[in-house]
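Engineer: Sharing protein09.txt (compact mmCIF, C-alpha atoms) below.
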# COMPACT_ATOMS: atom_id res chain seq x y z
CA MET A 20 3.11 20.78 -27.36
CA LYS A 21 3.71 17.09 -26.63
CA ALA A 22 0.92 17.14 -24.04
CA LEU A 23 -1.42 18.78 -26.58
CA ILE A 24 -0.58 16.17 -29.23
CA SER A 25 -1.22 13.33 -26.77
CA ALA A 26 -4.57 14.89 -25.80
CA ILE A 27 -5.60 15.10 -29.45
CA ASP A 28 -4.53 11.48 -30.05
CA ALA A 29 -6.75 10.39 -27.15
CA ILE A 30 -9.88 11.71 -28.88
CA ASP A 31 -11.86 8.92 -30.53
CA ASP A 32 -12.12 9.08 -34.33
CA ILE A 33 -15.71 7.86 -34.40
CA GLU A 34 -18.41 7.45 -31.79
CA VAL A 35 -19.50 3.85 -31.21
CA TYR A 36 -22.34 3.23 -28.81
CA GLY A 37 -24.69 0.56 -27.53
CA ARG A 38 -27.74 0.51 -25.25
CA VAL A 39 -28.43 -0.46 -21.65
CA LYS A 40 -30.37 -3.75 -21.72
CA SER A 41 -30.76 -4.48 -18.00
CA VAL A 42 -29.58 -3.49 -14.53
CA GLN A 43 -29.27 -6.06 -11.74
CA GLY A 44 -27.85 -4.75 -8.49
CA LEU A 45 -24.77 -2.82 -9.58
CA LEU A 46 -24.30 -4.90 -12.73
CA ILE A 47 -25.23 -3.17 -16.00
CA GLU A 48 -25.82 -5.27 -19.13
CA ILE A 49 -25.12 -3.43 -22.39
CA VAL A 50 -25.92 -4.45 -25.96
CA GLY A 51 -23.41 -3.22 -28.52
CA PRO A 52 -21.17 -4.13 -31.46
CA VAL A 53 -19.18 -7.24 -30.60
CA ARG A 54 -15.89 -5.86 -31.96
CA GLU A 55 -15.97 -3.04 -29.38
CA LEU A 56 -16.55 -5.32 -26.38
CA ARG A 57 -13.32 -6.10 -24.50
CA ILE A 58 -12.46 -6.79 -20.88
CA GLY A 59 -11.31 -3.59 -19.20
CA GLY A 60 -12.94 -1.40 -21.86
CA ARG A 61 -14.45 1.90 -20.72
CA VAL A 62 -18.03 2.95 -21.35
CA GLN A 63 -19.77 6.32 -20.87
CA ILE A 64 -23.50 5.88 -20.09
CA GLU A 65 -25.75 8.87 -20.76
CA THR A 66 -28.22 9.12 -17.86
CA THR A 67 -31.65 10.73 -17.81
CA GLU A 68 -30.23 13.56 -15.71
CA GLY A 69 -28.05 14.71 -18.61
CA GLU A 70 -24.84 13.41 -17.09
CA GLN A 71 -22.44 10.67 -18.09
CA LEU A 72 -21.70 7.69 -15.85
CA ALA A 73 -18.36 5.97 -16.41
CA ALA A 74 -18.33 2.17 -16.31
CA GLU A 75 -15.93 -0.65 -17.05
CA ILE A 76 -16.55 -3.93 -18.88
CA ILE A 77 -15.75 -6.77 -16.49
CA GLY A 78 -17.32 -9.72 -18.32
CA PHE A 79 -19.66 -11.03 -21.02
CA LYS A 80 -22.95 -12.91 -21.09
CA ASN A 81 -24.84 -14.08 -24.19
CA GLY A 82 -22.85 -11.69 -26.39
CA HIS A 83 -23.60 -8.69 -24.15
CA ALA A 84 -21.17 -6.67 -22.02
CA LEU A 85 -21.43 -6.81 -18.22
CA CYS A 86 -20.29 -3.53 -16.67
CA LEU A 87 -19.77 -2.06 -13.23
CA PRO A 88 -20.10 1.70 -12.66
CA PHE A 89 -17.50 4.09 -11.24
CA GLY A 90 -20.28 6.09 -9.57
CA GLN A 91 -23.92 6.00 -8.52
CA LEU A 92 -26.55 4.36 -10.74
CA ALA A 93 -29.08 7.17 -10.28
CA GLY A 94 -30.55 8.19 -13.65
CA VAL A 95 -29.67 4.98 -15.54
CA ARG A 96 -32.67 3.54 -17.40
CA LEU A 97 -33.30 0.88 -20.02
CA GLY A 98 -32.20 2.03 -23.46
CA CYS A 99 -29.69 4.63 -22.26
CA ARG A 100 -26.91 5.24 -24.77
CA ALA A 101 -23.59 3.67 -23.78
CA ILE A 102 -20.63 5.13 -25.66
CA PHE A 103 -17.61 2.83 -25.95
CA GLN A 104 -14.24 4.50 -25.34
CA ARG A 105 -11.06 3.67 -27.21
CA SER A 106 -8.83 4.21 -24.15
CA ASP A 107 -8.90 1.77 -21.24
CA GLY A 108 -7.76 4.42 -18.77
CA ALA A 109 -4.41 6.16 -18.46
CA ALA A 110 -2.75 8.92 -16.45
CA PHE A 111 -0.64 11.80 -17.76
CA PRO A 112 1.50 12.59 -14.68
CA ALA A 113 3.99 15.44 -14.40
CA GLU A 114 6.34 16.89 -11.79
CA GLY A 115 3.65 19.46 -10.97
CA TRP A 116 1.58 16.71 -9.34
CA LEU A 117 3.83 16.80 -6.27
CA GLY A 118 2.07 18.27 -3.27
CA ARG A 119 -1.38 17.45 -4.64
CA VAL A 120 -4.27 15.21 -3.57
CA ILE A 121 -6.10 13.38 -6.36
CA ASN A 122 -8.81 10.77 -6.79
CA ALA A 123 -8.61 7.42 -8.58
CA ASN A 124 -9.22 9.07 -11.99
CA GLY A 125 -6.31 11.48 -11.54
CA ASP A 126 -8.57 14.49 -10.91
CA PRO A 127 -7.56 16.99 -8.19
CA ILE A 128 -9.71 17.02 -5.04
CA ASP A 129 -7.67 19.46 -2.94
CA GLY A 130 -9.17 22.69 -4.34
CA LYS A 131 -5.82 23.91 -5.69
CA GLY A 132 -6.85 24.09 -9.33
CA PRO A 133 -6.23 21.80 -12.31
CA LEU A 134 -3.23 19.51 -12.60
CA PRO A 135 -0.62 19.96 -15.34
CA ARG A 136 -0.90 17.32 -18.06
CA GLY A 137 2.23 15.30 -18.79
CA ALA A 138 3.39 14.44 -22.28
CA THR A 139 3.40 10.65 -21.86
CA ALA A 140 0.43 8.40 -21.13
CA TYR A 141 0.96 5.84 -18.38
CA PRO A 142 -1.55 2.94 -18.50
CA LEU A 143 -3.18 2.24 -15.16
CA ARG A 144 -2.66 -1.50 -15.62
CA GLN A 145 0.99 -1.49 -16.54
CA ASN A 146 2.81 -4.82 -16.63
CA PRO A 147 5.63 -5.18 -14.06
CA LEU A 148 9.22 -4.89 -15.26
CA LEU A 149 10.71 -8.14 -16.47
CA ALA A 150 12.69 -9.94 -13.79
CA HIS A 151 15.95 -10.01 -15.76
CA ASP A 152 15.70 -6.25 -16.52
CA ARG A 153 15.70 -5.27 -12.85
CA VAL A 154 18.77 -4.49 -10.79
CA ARG A 155 19.18 -5.89 -7.28
CA VAL A 156 17.91 -4.04 -4.21
CA GLY A 157 20.10 -1.10 -3.23
CA ASP A 158 21.69 0.16 -0.04
CA PRO A 159 19.88 0.26 3.32
CA LEU A 160 17.16 2.92 3.36
CA ASP A 161 16.80 5.25 6.31
CA LEU A 162 13.15 5.12 7.44
CA GLY A 163 13.66 7.40 10.44
CA VAL A 164 11.99 4.85 12.79
CA ARG A 165 14.42 3.15 15.22
CA CYS A 166 12.75 -0.23 15.60
CA LEU A 167 12.43 -0.67 11.82
CA ASN A 168 15.88 0.68 10.94
CA THR A 169 17.60 -1.73 13.33
CA PHE A 170 15.53 -4.92 13.52
CA THR A 171 13.90 -4.91 10.04
CA THR A 172 16.38 -2.93 7.96
CA VAL A 173 14.88 -2.06 4.56
CA CYS A 174 16.89 -1.73 1.36
CA GLU A 175 16.08 0.61 -1.52
CA GLY A 176 13.65 -1.17 -3.86
CA GLN A 177 12.41 -3.62 -1.23
CA ARG A 178 8.70 -4.32 -0.57
CA LEU A 179 7.41 -4.77 2.97
CA GLY A 180 3.98 -5.37 4.44
CA ILE A 181 2.72 -3.73 7.63
CA PHE A 182 0.27 -6.16 9.25
CA ALA A 183 -2.05 -4.83 11.95
CA GLY A 184 -5.61 -4.83 13.21
CA SER A 185 -7.75 -1.71 13.33
CA GLY A 186 -6.77 1.03 15.79
CA VAL A 187 -3.23 -0.24 16.44
CA GLY A 188 -1.42 2.76 14.94
CA LYS A 189 -0.87 2.02 11.25
CA SER A 190 -1.74 5.54 10.10
CA VAL A 191 0.63 7.19 12.57
CA LEU A 192 3.46 4.83 11.55
CA MET A 193 2.74 5.56 7.88
CA SER A 194 2.94 9.30 8.51
CA MET A 195 6.30 8.89 10.27
CA LEU A 196 7.62 6.87 7.33
CA ALA A 197 6.25 9.33 4.75
CA ARG A 198 7.92 12.30 6.48
CA ASN A 199 11.22 10.75 7.54
CA THR A 200 12.20 8.18 4.89
CA ASN A 201 15.25 9.25 2.88
CA VAL A 202 13.70 9.23 -0.63
CA ASP A 203 13.00 11.78 -3.35
CA VAL A 204 9.24 11.26 -3.77
CA ALA A 205 6.47 9.59 -1.76
CA VAL A 206 3.29 8.32 -3.45
CA ILE A 207 0.61 7.52 -0.87
CA GLY A 208 -2.56 5.60 -1.71
CA LEU A 209 -5.45 5.77 0.78
CA ILE A 210 -7.68 2.94 -0.40
CA GLY A 211 -11.15 2.65 1.13
CA GLU A 212 -10.19 5.15 3.83
CA ARG A 213 -12.72 6.84 6.11
CA GLY A 214 -13.59 10.26 4.71
CA ARG A 215 -13.05 11.90 8.09
CA GLU A 216 -9.47 10.63 8.31
CA VAL A 217 -8.27 11.89 4.92
CA HIS A 218 -7.86 15.54 5.99
CA GLU A 219 -6.60 14.40 9.38
CA PHE A 220 -3.87 12.28 7.78
CA ILE A 221 -2.82 14.97 5.29
CA GLN A 222 -2.89 18.00 7.61
CA GLU A 223 -2.00 16.60 11.01
CA TYR A 224 0.04 13.47 10.34
CA LEU A 225 1.71 14.20 6.99
CA GLY A 226 2.00 17.98 7.32
CA GLU A 227 3.10 20.56 4.76
CA GLU A 228 6.69 19.32 4.69
CA GLY A 229 5.66 15.74 4.00
CA LEU A 230 3.03 16.72 1.42
CA ALA A 231 5.48 18.92 -0.52
CA ARG A 232 7.32 15.86 -1.85
CA ALA A 233 4.31 13.55 -2.06
CA VAL A 234 1.27 12.75 -4.18
CA VAL A 235 -1.75 11.42 -2.27
CA VAL A 236 -4.32 9.24 -4.07
CA VAL A 237 -7.65 8.95 -2.24
CA ALA A 238 -10.63 6.64 -2.66
CA THR A 239 -12.92 6.71 0.38
CA SER A 240 -14.90 3.74 1.65
CA ASP A 241 -18.20 5.04 0.20
CA GLU A 242 -16.91 5.05 -3.38
CA ALA A 243 -17.62 2.29 -5.89
CA ALA A 244 -15.50 -0.86 -5.89
CA LEU A 245 -13.99 0.09 -9.25
CA MET A 246 -12.81 3.43 -7.85
CA ARG A 247 -11.21 1.78 -4.82
CA ARG A 248 -9.44 -0.74 -7.03
CA GLN A 249 -8.37 1.92 -9.55
CA ALA A 250 -6.91 4.07 -6.75
CA ALA A 251 -4.44 1.25 -6.08
CA TYR A 252 -3.56 1.08 -9.79
CA MET A 253 -3.14 4.87 -9.89
CA THR A 254 -0.78 4.77 -6.89
CA LEU A 255 1.54 2.29 -8.63
CA THR A 256 1.25 4.16 -11.95
CA LEU A 257 2.45 7.42 -10.39
CA SER A 258 5.25 5.54 -8.62
CA GLU A 259 6.38 4.14 -11.98
CA TYR A 260 6.36 7.60 -13.54
CA PHE A 261 8.63 9.11 -10.89
CA ARG A 262 10.81 5.97 -11.00
CA ASP A 263 11.26 6.45 -14.74
CA GLN A 264 12.45 10.01 -14.04
CA GLY A 265 15.39 8.48 -12.13
CA GLN A 266 14.00 9.23 -8.67
CA ARG A 267 13.92 7.08 -5.56
CA VAL A 268 10.24 6.56 -4.79
CA LEU A 269 8.49 5.44 -1.61
CA CYS A 270 5.14 3.87 -2.53
CA MET A 271 2.81 3.51 0.45
CA MET A 272 -0.65 1.98 0.34
CA ASP A 273 -3.26 1.74 3.07
CA SER A 274 -4.54 -0.85 2.67
CA LEU A 275 -4.12 -3.92 0.48
CA THR A 276 -7.01 -5.55 2.31
CA ARG A 277 -9.46 -2.93 1.02
CA PHE A 278 -8.08 -3.40 -2.50
CA ALA A 279 -8.76 -7.13 -2.11
CA MET A 280 -12.28 -6.40 -0.81
CA ALA A 281 -12.98 -4.19 -3.83
CA GLN A 282 -11.79 -6.97 -6.15
CA ARG A 283 -13.98 -9.42 -4.23
CA GLU A 284 -17.05 -7.23 -4.89
CA ILE A 285 -16.18 -7.10 -8.57
CA GLY A 286 -15.55 -10.85 -8.85
CA LEU A 287 -18.72 -11.86 -7.01
CA ALA A 288 -20.80 -9.44 -9.13
CA ILE A 289 -20.00 -11.40 -12.30
CA GLY A 290 -20.56 -14.79 -10.66
CA GLU A 291 -17.06 -15.93 -9.71
CA PRO A 292 -17.08 -18.77 -7.16
CA PRO A 293 -16.11 -17.64 -3.65
CA THR A 294 -13.17 -19.47 -2.07
CA ALA A 295 -11.41 -18.65 1.23
CA LYS A 296 -13.55 -16.23 3.30
CA GLY A 297 -15.58 -15.38 0.19
CA TYR A 298 -12.61 -14.13 -1.85
CA PRO A 299 -12.84 -15.26 -5.51
CA PRO A 300 -9.75 -16.55 -7.39
CA THR A 301 -9.14 -13.23 -9.19
CA VAL A 302 -8.21 -11.58 -5.86
CA PHE A 303 -5.19 -13.86 -5.52
CA THR A 304 -4.34 -13.27 -9.18
CA GLU A 305 -4.50 -9.46 -8.97
CA LEU A 306 -2.47 -9.13 -5.75
CA PRO A 307 0.88 -10.28 -7.24
CA ARG A 308 0.24 -8.30 -10.44
CA LEU A 309 -0.16 -5.17 -8.35
CA LEU A 310 2.68 -5.76 -5.90
CA GLU A 311 5.24 -6.84 -8.52
CA ARG A 312 5.03 -3.37 -10.06
CA ALA A 313 6.99 -2.06 -7.08
CA GLY A 314 10.63 -2.94 -6.57
CA PRO A 315 14.04 -2.14 -8.06
CA GLY A 316 14.15 -0.44 -11.44
CA THR A 317 16.48 -0.88 -14.40
CA PRO A 318 20.09 0.39 -14.49
CA THR A 319 18.87 3.67 -16.08
CA THR A 320 15.90 4.39 -13.78
CA GLY A 321 15.18 4.89 -10.10
CA SER A 322 13.48 2.46 -7.75
CA VAL A 323 10.13 1.97 -6.00
CA THR A 324 10.33 0.95 -2.36
CA GLY A 325 6.93 -0.42 -1.37
CA LEU A 326 5.30 -0.33 2.07
CA PHE A 327 1.83 -1.86 2.03
CA THR A 328 -0.47 -2.15 5.03
CA VAL A 329 -2.66 -5.21 5.57
CA LEU A 330 -5.69 -4.84 7.83
CA VAL A 331 -5.90 -8.26 9.48
CA GLU A 332 -9.49 -9.19 10.35
CA GLY A 333 -10.05 -9.99 14.01
CA ASP A 334 -6.28 -9.69 14.64
CA ASP A 335 -5.89 -13.01 12.77
CA HIS A 336 -2.50 -12.73 11.07
CA ASN A 337 -3.12 -15.98 9.18
CA GLU A 338 -6.30 -14.91 7.37
CA PRO A 339 -6.24 -15.44 3.55
CA ILE A 340 -5.14 -11.97 2.39
CA ALA A 341 -2.40 -11.64 5.02
CA ASP A 342 -1.16 -15.13 4.20
CA ALA A 343 -1.09 -14.45 0.45
CA VAL A 344 0.64 -11.06 0.80
CA ARG A 345 3.34 -12.45 3.11
CA GLY A 346 4.32 -14.90 0.38
CA ILE A 347 4.69 -12.13 -2.22
CA LEU A 348 6.51 -9.38 -0.33
CA ASP A 349 10.14 -9.19 0.83
CA GLY A 350 9.32 -9.08 4.51
CA HIS A 351 6.66 -8.12 6.99
CA ILE A 352 6.22 -5.79 9.99
CA VAL A 353 3.78 -7.07 12.61
CA MET A 354 1.94 -4.58 14.84
CA GLU A 355 0.13 -6.03 17.85
CA ARG A 356 -2.80 -4.75 19.86
CA GLY A 357 -1.32 -5.97 23.16
CA ILE A 358 1.77 -3.78 22.67
CA ALA A 359 -0.39 -0.76 21.82
CA GLU A 360 -2.59 -1.37 24.87
CA ARG A 361 0.39 -1.06 27.20
CA GLY A 362 1.27 2.29 25.61
CA ARG A 363 4.34 1.51 23.52
CA TYR A 364 4.23 3.08 20.04
CA PRO A 365 4.93 2.16 17.33
CA ALA A 366 3.40 -1.13 18.47
CA VAL A 367 5.78 -3.31 16.42
CA ASN A 368 6.55 -6.85 17.54
CA VAL A 369 10.15 -7.08 16.34
CA LEU A 370 10.37 -10.81 17.12
CA ARG A 371 7.60 -11.55 14.59
CA SER A 372 8.81 -9.00 12.04
CA ILE A 373 11.21 -10.01 9.28
CA SER A 374 13.14 -8.24 6.53
CA ARG A 375 14.36 -10.74 3.95
CA THR A 376 17.35 -8.59 3.00
CA MET A 377 18.85 -9.04 6.47
CA PRO A 378 21.52 -9.78 7.59
CA GLY A 379 23.21 -8.96 4.26
CA CYS A 380 22.46 -5.24 4.56
CA VAL A 381 23.56 -4.92 8.20
CA PRO A 382 27.18 -3.86 8.93
CA VAL A 383 29.23 -6.83 10.11
CA GLU A 384 30.18 -5.19 13.43
CA TYR A 385 26.52 -4.79 14.46
CA ARG A 386 25.29 -8.31 13.62
CA PRO A 387 26.28 -9.79 17.01
CA VAL A 388 24.53 -6.86 18.72
CA LEU A 389 21.28 -7.53 16.89
CA ALA A 390 21.51 -11.27 17.55
CA LYS A 391 22.08 -10.67 21.26
CA ALA A 392 19.23 -8.16 21.52
CA ARG A 393 16.83 -10.55 19.78
CA GLU A 394 17.93 -13.39 22.05
CA LEU A 395 17.29 -11.38 25.22
CA MET A 396 13.88 -10.17 23.96
CA SER A 397 12.94 -13.75 23.05
CA ILE A 398 13.94 -15.02 26.51
CA TYR A 399 11.86 -12.31 28.19
CA ALA A 400 8.86 -13.03 25.92
CA ASP A 401 9.00 -16.74 26.86
CA MET A 402 9.05 -15.96 30.60
CA GLU A 403 6.85 -12.85 30.54
CA GLU A 404 3.78 -14.36 32.20
CA LEU A 405 5.80 -15.89 35.04
CA ILE A 406 7.67 -12.61 35.57
CA ARG A 407 4.47 -10.54 35.72
CA LEU A 408 2.85 -13.01 38.13
CA GLY A 409 5.92 -12.95 40.38
CA ALA A 410 6.43 -16.68 39.93
CA TYR A 411 10.03 -16.29 38.72
CA ARG A 412 12.72 -16.10 41.40
CA LYS A 413 15.70 -13.91 40.63
CA GLY A 414 18.90 -15.93 40.30
CA SER A 415 17.21 -19.04 38.91
CA ASP A 416 18.60 -18.46 35.42
CA PRO A 417 21.33 -15.93 34.55
CA LYS A 418 20.00 -15.43 31.02
CA VAL A 419 16.52 -14.60 32.31
CA ASP A 420 18.02 -12.22 34.88
CA ARG A 421 19.91 -10.45 32.08
CA ALA A 422 16.75 -10.24 29.95
CA ILE A 423 14.80 -8.73 32.85
CA ALA A 424 17.55 -6.18 33.48
CA ILE A 425 17.73 -5.04 29.85
CA TYR A 426 13.96 -5.05 29.22
CA PRO A 427 13.18 -1.42 30.29
CA ALA A 428 16.01 -0.03 28.15
CA LEU A 429 14.91 -2.06 25.11
CA GLU A 430 11.29 -0.95 25.55
CA ALA A 431 12.43 2.68 25.67
CA PHE A 432 14.54 2.11 22.56
CA LEU A 433 11.61 0.60 20.63
CA SER A 434 9.27 3.44 21.65
CA GLN A 435 9.38 6.59 19.55
CA ASP A 436 7.33 9.79 19.38
CA ARG A 437 5.67 10.81 16.12
CA GLU A 438 7.86 13.90 15.69
CA GLU A 439 11.10 12.07 16.57
CA THR A 440 13.48 10.66 13.96
CA THR A 441 16.57 8.44 14.23
CA THR A 442 19.03 7.49 11.50
CA VAL A 443 20.12 3.92 10.77
CA ALA A 444 23.64 4.48 12.14
CA ALA A 445 22.37 6.20 15.31
CA GLY A 446 19.92 3.34 15.92
CA TYR A 447 22.66 0.71 15.73
CA GLN A 448 24.86 2.74 18.10
CA MET A 449 22.04 3.18 20.63
CA LEU A 450 21.27 -0.55 20.58
CA GLU A 451 24.96 -1.41 20.90
CA ALA A 452 25.23 0.79 24.00
CA ILE A 453 22.17 -0.93 25.60
CA VAL A 454 23.52 -4.44 24.96
CA ALA A 455 27.03 -3.47 26.11
CA GLU A 456 25.65 -2.02 29.36
CA ALA A 457 23.75 -5.24 30.04
CA GLY A 458 26.91 -7.27 29.39
CA ALA A 459 28.94 -5.05 31.72
CA ALA A 460 26.34 -5.36 34.47
CA ASP A 461 26.41 -9.14 34.05
As structure tokens, what does this structure read like?

Structural biologist:
Amino acid sequence: MKALISAIDAIDDIEVYGRVKSVQGLLIEIVGPVRELRIGGRVQIETTEGEQLAAEIIGFKNGHALCLPFGQLAGVRLGCRAIFQRSDGAAFPAEGWLGRVINANGDPIDGKGPLPRGATAYPLRQNPLLAHDRVRVGDPLDLGVRCLNTFTTVCEGQRLGIFAGSGVGKSVLMSMLARNTNVDVAVIGLIGERGREVHEFIQEYLGEEGLARAVVVVATSDEAALMRRQAAYMTLTLSEYFRDQGQRVLCMMDSLTRFAMAQREIGLAIGEPPTAKGYPPTVFTELPRLLERAGPGTPTTGSVTGLFTVLVEGDDHNEPIADAVRGILDGHIVMERGIAERGRYPAVNVLRSISRTMPGCVPVEYRPVLAKARELMSIYADMEELIRLGAYRKGSDPKVDRAIAIYPALEAFLSQDREETTTVAAGYQMLEAIVAEAGAAD
């Protein structure tokens, strides 16, 4: 009954409409009553093909509304009716959404029938929780991946970025995290993803077991910029819903870079000045607004642990989006092409990866073990070229000798198959045994 009442309340009392005045590129100029024109407002344009094209007001010019469409412009002509909507877009999520695949509008695309409608409307552009209302991050969260559990331990409610170039193994790592992380619900946003890879990720990587406790939001690369941006908003909106039900939520998004690219298209369409690498100022305004929605909840709700991938262009980890995201999140995981090329997966460079909740969340007895392992890996990394060339003579430096001796065991420890899982405690114990063996040999 509550869902029916909310559906009735969403129906507009009166129909207010304007007319299409011009179309330039993807930008639609609409003439209409000034009191109905607001940023973020939704418009339904009646096309000549008898269909309705959804659009959003993104700016104004000479008293007219500038809109971008959510779909193709085919059938839009001068003088088309444009009906202004009262709602700016909201989702009505429910528990029955688990195990489903939806698009940016919250419509099912998995062929399993309609979705149940929840009783409460969740705005797609929800404001983040106030800082003083949040609790602190919780206990260490078991991700099931050894190298992350030990060297970049994540706490419940933390937000981490996964930085990698294309083809380095982000999708496989995401599937491992989605299946193995010790949470109640996973909300996965595939933003600007290749259409071919959507089914591959869901069926092969995620699997039935992973999908059963997840909701997947999909906006492929061929969809309009507004759809790609809204898919990111929908991902955080669903995470907030399950958080408010008292559940521990894992929010995963692939990728923030494509969200930023969609916002760049929108900003440039209305004439914003391009700044670093063509990104307009609104990109760097929208990123923190989106990312701050994840994190710890209030004392009466659950939490949203965020894992967001960043597709670094040309393997440049200092490009503008990567640099901006690093300053917002609570840590970063760096994946490198060189590690992937030598066949070690996940291709995580633990020396360049940081979790800002460490060492506070690591048991005291294992802190010296982690420090020693990092030291030995750092020594080997500094001498790696000389070692591979055969220019280093054994016995020249005891520390380097120890690093060379422990290197194969550490590489085996950091490598992990897709179907394999390791708990936090087991990871610490395995690492402790490796470091202890190296010390005994020394």

Engineer: Suppose you want the space between atom CA of Asp152 of chain A and atom CA of Thr317 of chain A; what is it in Å?

Structural biologist: 5.8 Å

Engineer: Of the candidates A:Val268, A:Ile47, A:Val95, A:Ile398, which shows the shortest atom-to-atom distance to Thr67 of chain A, using only C-alpha atoms?

Structural biologist: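 Among the listed residues, the smallest separation from Thr67 of chain A belongs to A:Val95.
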
Engineer: For Arg267 of chain A, which residue out of A:Gly157, A:Pro292, A:Pro299, A:Gly362 is the nearest one, using all atoms listed in the file?

Structural biologist: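 For Arg267 of chain A, the nearest of the given residues is A:Gly157.
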
Engineer: Pick out the closest residue to Ile210 of chain A from this set: A:Val381, A:Val42, A:Leu160, A:Ala123. Count only C-alpha atoms.

Structural biologist: A:Ala123

Engineer: Please determine, counting only C-alpha atoms, which residue among A:Arg363, A:Arg155, A:Lys40, A:His351 has the shortest atom-to-atom distance to Cys99 of chain A.

Structural biologist: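 Closest to Cys99 of chain A, using only C-alpha atoms: A:Lys40.
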
Engineer: With a distance cut-off of 8 Å and all atoms listed in the file, select the neighbouring residues of Thr239 of chain A, excluding the residue or stretch itself and same-chain residues fewer than 2 positions from it, and output the selection as a PyMOL selection string.

Structural biologist: chain A and resi 209-214+237+241-242+247

Engineer: Applying 10 Å and only C-alpha atoms, which residues near Leu255 of chain A remain after dropping the ones on its own chain fewer than 5 positions away? List them as a list of chain:residue names.

Structural biologist: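 Result of the neighbour search: A:Leu143, A:Arg144, A:Gln145, A:Val206, A:Ile207, A:Gly208, A:Gln249, A:Ala250, A:Tyr260, A:Cys270, A:Met271, A:Met272, A:Leu309, A:Leu310, A:Glu311, A:Arg312, A:Ala313, A:Val323, A:Gly325.
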
Engineer: How would the residues just chosen look if you wrote them out with C-alpha atoms as a PDB file, in the frame of the given file?

Structural biologist:
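See selection_28.pdb below for the written result:
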ATOM      1  CA  LEU A 143      -3.180   2.240 -15.160  1.00  0.00           C
ATOM      2  CA  ARG A 144      -2.660  -1.500 -15.620  1.00  0.00           C
ATOM      3  CA  GLN A 145       0.990  -1.490 -16.540  1.00  0.00           C
ATOM      4  CA  VAL A 206       3.290   8.320  -3.450  1.00  0.00           C
ATOM      5  CA  ILE A 207       0.610   7.520  -0.870  1.00  0.00           C
ATOM      6  CA  GLY A 208      -2.560   5.600  -1.710  1.00  0.00           C
ATOM      7  CA  GLN A 249      -8.370   1.920  -9.550  1.00  0.00           C
ATOM      8  CA  ALA A 250      -6.910   4.070  -6.750  1.00  0.00           C
ATOM      9  CA  TYR A 260       6.360   7.600 -13.540  1.00  0.00           C
ATOM     10  CA  CYS A 270       5.140   3.870  -2.530  1.00  0.00           C
ATOM     11  CA  MET A 271       2.810   3.510   0.450  1.00  0.00           C
ATOM     12  CA  MET A 272      -0.650   1.980   0.340  1.00  0.00           C
ATOM     13  CA  LEU A 309      -0.160  -5.170  -8.350  1.00  0.00           C
ATOM     14  CA  LEU A 310       2.680  -5.760  -5.900  1.00  0.00           C
ATOM     15  CA  GLU A 311       5.240  -6.840  -8.520  1.00  0.00           C
ATOM     16  CA  ARG A 312       5.030  -3.370 -10.060  1.00  0.00           C
ATOM     17  CA  ALA A 313       6.990  -2.060  -7.080  1.00  0.00           C
ATOM     18  CA  VAL A 323      10.130   1.970  -6.000  1.00  0.00           C
ATOM     19  CA  GLY A 325       6.930  -0.420  -1.370  1.00  0.00           C
TER      20      GLY A 325
END

Engineer: Can you tell me which residues surround Thr319 of chain A at a distance of at most 12 Å, considering only C-alpha atoms, apart from same-chain residues fewer than 2 positions away, and format the answer as a VMD selection string?

Structural biologist: chain A and resid 152 to 154 262 to 266 315 to 317 321 to 322

Engineer: Could you save the residues just selected, with C-alpha atoms, as an mmCIF file, keeping the file's coordinate frame?

Structural biologist:
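This is the output file out24.cif:
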data_model
loop_
_atom_site.group_PDB
_atom_site.id
_atom_site.type_symbol
_atom_site.label_atom_id
_atom_site.label_comp_id
_atom_site.auth_asym_id
_atom_site.auth_seq_id
_atom_site.Cartn_x
_atom_site.Cartn_y
_atom_site.Cartn_z
ATOM 1 C CA ASP A 152 15.700 -6.250 -16.520
ATOM 2 C CA ARG A 153 15.700 -5.270 -12.850
ATOM 3 C CA VAL A 154 18.770 -4.490 -10.790
ATOM 4 C CA ARG A 262 10.810 5.970 -11.000
ATOM 5 C CA ASP A 263 11.260 6.450 -14.740
ATOM 6 C CA GLN A 264 12.450 10.010 -14.040
ATOM 7 C CA GLY A 265 15.390 8.480 -12.130
ATOM 8 C CA GLN A 266 14.000 9.230 -8.670
ATOM 9 C CA PRO A 315 14.040 -2.140 -8.060
ATOM 10 C CA GLY A 316 14.150 -0.440 -11.440
ATOM 11 C CA THR A 317 16.480 -0.880 -14.400
ATOM 12 C CA GLY A 321 15.180 4.890 -10.100
ATOM 13 C CA SER A 322 13.480 2.460 -7.750
#

Engineer: Leaving out Leu134 of chain A and any residue of its chain fewer than 4 positions from it, which residues lie within 9 Å of it when counting all atoms listed in the file, given as a ChimeraX atom specification?

Structural biologist: /A:112-113,115-116,119,125-127
